[in-house]
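Peer 1: Okay, handing you the structure first.
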Amino acid sequence: MRVLIVGIGSIAKKHIDALNEIIPKVEIFGLRNSQSSPKVEGVIDIYSWDQLPDNLDFIIISNPTSEHYQTLQNAIKCNLPLIIEKPPLANLDGAEELIRELELNNILNYVAFPLRFNPVIQWLKHNLPQKNIYELNAYCGSYLPDWRPNVNYRQVYSANKEMGGGVHLDLIHELDYVTWLLGSPVSSSSFLSKVSKLEIDSIDCAHYWLSYADKNASITLNYYRRDASREVAIVMEDGTWKANLLTNEVTDSSNNIIFKSEPSLKSMYYHQMRYFIDCVKKNKQPFNSFKESIETLRICLS
């Protein structure tokens, strides 16, 4: 199998690890911006779309969000299956044009939201349909300077609005899994702001409210919480479940653990890649296509 990765950053390296574990003899090509870009073991560097090797199986787009639009335009011409790192775009400009091109060329595509492969989220997806839900509250707060050890947080894309940074885009995972669990809302509203003393020009706090015919959901995201927390509370007719996505535990109203799994970021990327490769082999369109993900982005940017 031969795979092209556009943009070799921290997320791309997780995809590379997953590919090497699933397909030990995989050939990975990296489309780099410059010949001075740091070398990555096991990746063959190329420096333009004209240098693409023959017989590629699929393309992974994992460069900064602000570059996704142009990258997708180039990738669509290759007529190959696509993994697109979240969020699909930095804004909605040109989104409908890209949807049309992907559909016209019948290109299999998937926007990568690995939290869908988190054991807790999958457990909730399986068990919530049997419940009468009144309210869901999701929260994700952590400290941006701690995200990438030994890297100046001021210089990463997260800190820079022009590069597609901002907590609302970085942590769009929460909007994705909430709408995956509950479906599309009837209406939504949001409040996005910069409130901390972090030396960034991007949004560091986001609040969302989603309304359904028979339930409501809220989502809070931030870049400034030093004691990281990622959890979701689901209030139902017969009790409350609290799911902790850092410890991979679900507890009930009496604080009894009703589900538990070992936390593993590596496992989520492994299962996500296996799922996508299986879709490619079967020529089956994955869930969370670019078109579906754009609907999540509309809520994110509302």
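For the structure tokens, the naming scheme is as follows: chains receive sequential letters (A, B, ...) according to their order of presentation, residues are indexed from 1 within each chain, and ligands are indexed from 1 in presentation order.
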Can you tell me, as number ranges by chain, which residues in segment 203-244 of chain A count as strand (DSSP E or B) by DSSP?
Peer 2: A: 205-211, 216-222, 224-236, 239-244
Peer 1: Might you pull out every residue within 7 Å of segment 78-86 of chain A, with only C-alpha atoms counted and same-chain residues fewer than 3 positions away left off, and present them as an MDAnalysis selection string?
Peer 2: chainID A and resid 57:62 75 105 107:113
Peer 1: I'd like to know which of A:Glu21, A:Glu67, A:Asp50, A:Glu174 is closest to Leu297 of chain A, using only C-alpha atoms.
Peer 2: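 Using only C-alpha atoms, Leu297 of chain A sits closest to A:Glu174.
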Peer 1: When you count only C-alpha atoms, which of these residues is closest to Gln155 of chain A: A:Ser202, A:Asn20, A:Ser261, A:Ser289?
Peer 2: A:Ser202
Peer 1: Find, counting only C-alpha atoms, the residue in A:Met273, A:Pro114, A:Lys39, A:Gly94 that gets nearest to Ile23 of chain A.
Peer 2: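 Between A:Met273, A:Pro114, A:Lys39, A:Gly94, the residue approaching Ile23 of chain A most closely is A:Met273.
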Peer 1: Given the choices A:Leu115, A:Leu245, A:Ile44, A:Ile76, which gets closest to Tyr269 of chain A if the distance is worked out from only C-alpha atoms?
Peer 2: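 Of A:Leu115, A:Leu245, A:Ile44, A:Ile76, the one nearest Tyr269 of chain A, counting only C-alpha atoms, is A:Leu115.
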Peer 1: When you look at Gly183 of chain A with a cut-off of 9 Å (counting only C-alpha atoms), what residues show up, excluding the ones that are within fewer than 4 positions of it in the same chain? I need them as a list in words.
Peer 2: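 Residues near the query, excluding close chain neighbours: Val178, Thr179 and Tyr212 of chain A.
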Peer 1: Produce a file of the selected residues containing N, CA and C atoms, as an mmCIF file, in the first residue's frame.
Peer 2:
data_model
loop_
_atom_site.group_PDB
_atom_site.id
_atom_site.type_symbol
_atom_site.label_atom_id
_atom_site.label_comp_id
_atom_site.auth_asym_id
_atom_site.auth_seq_id
_atom_site.Cartn_x
_atom_site.Cartn_y
_atom_site.Cartn_z
ATOM 1 N N VAL A 178 -21.246 15.058 19.935
ATOM 2 C CA VAL A 178 -22.586 15.366 20.455
ATOM 3 C C VAL A 178 -23.627 15.212 19.347
ATOM 4 N N THR A 179 -23.341 15.746 18.164
ATOM 5 C CA THR A 179 -24.312 15.622 17.067
ATOM 6 C C THR A 179 -24.345 14.204 16.512
ATOM 7 N N TYR A 212 -33.147 20.618 20.520
ATOM 8 C CA TYR A 212 -33.825 19.520 19.830
ATOM 9 C C TYR A 212 -35.302 19.568 20.198
#
Peer 1: Between A:Ala12, A:Ala90, A:Ala233, A:Leu181, which residue has the minimum interatomic distance to Glu249 of chain A, considering only C-alpha atoms?
Peer 2: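 Ranked by minimum distance to Glu249 of chain A, first place goes to A:Ala233.
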Peer 1: Just checking: using only C-alpha atoms, which residue out of A:Thr251, A:Asp176, A:Lys77, A:Cys140 ends up closest to Leu104 of chain A?
Peer 2: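 Answer, going by the shortest atom-to-atom distance: A:Lys77.
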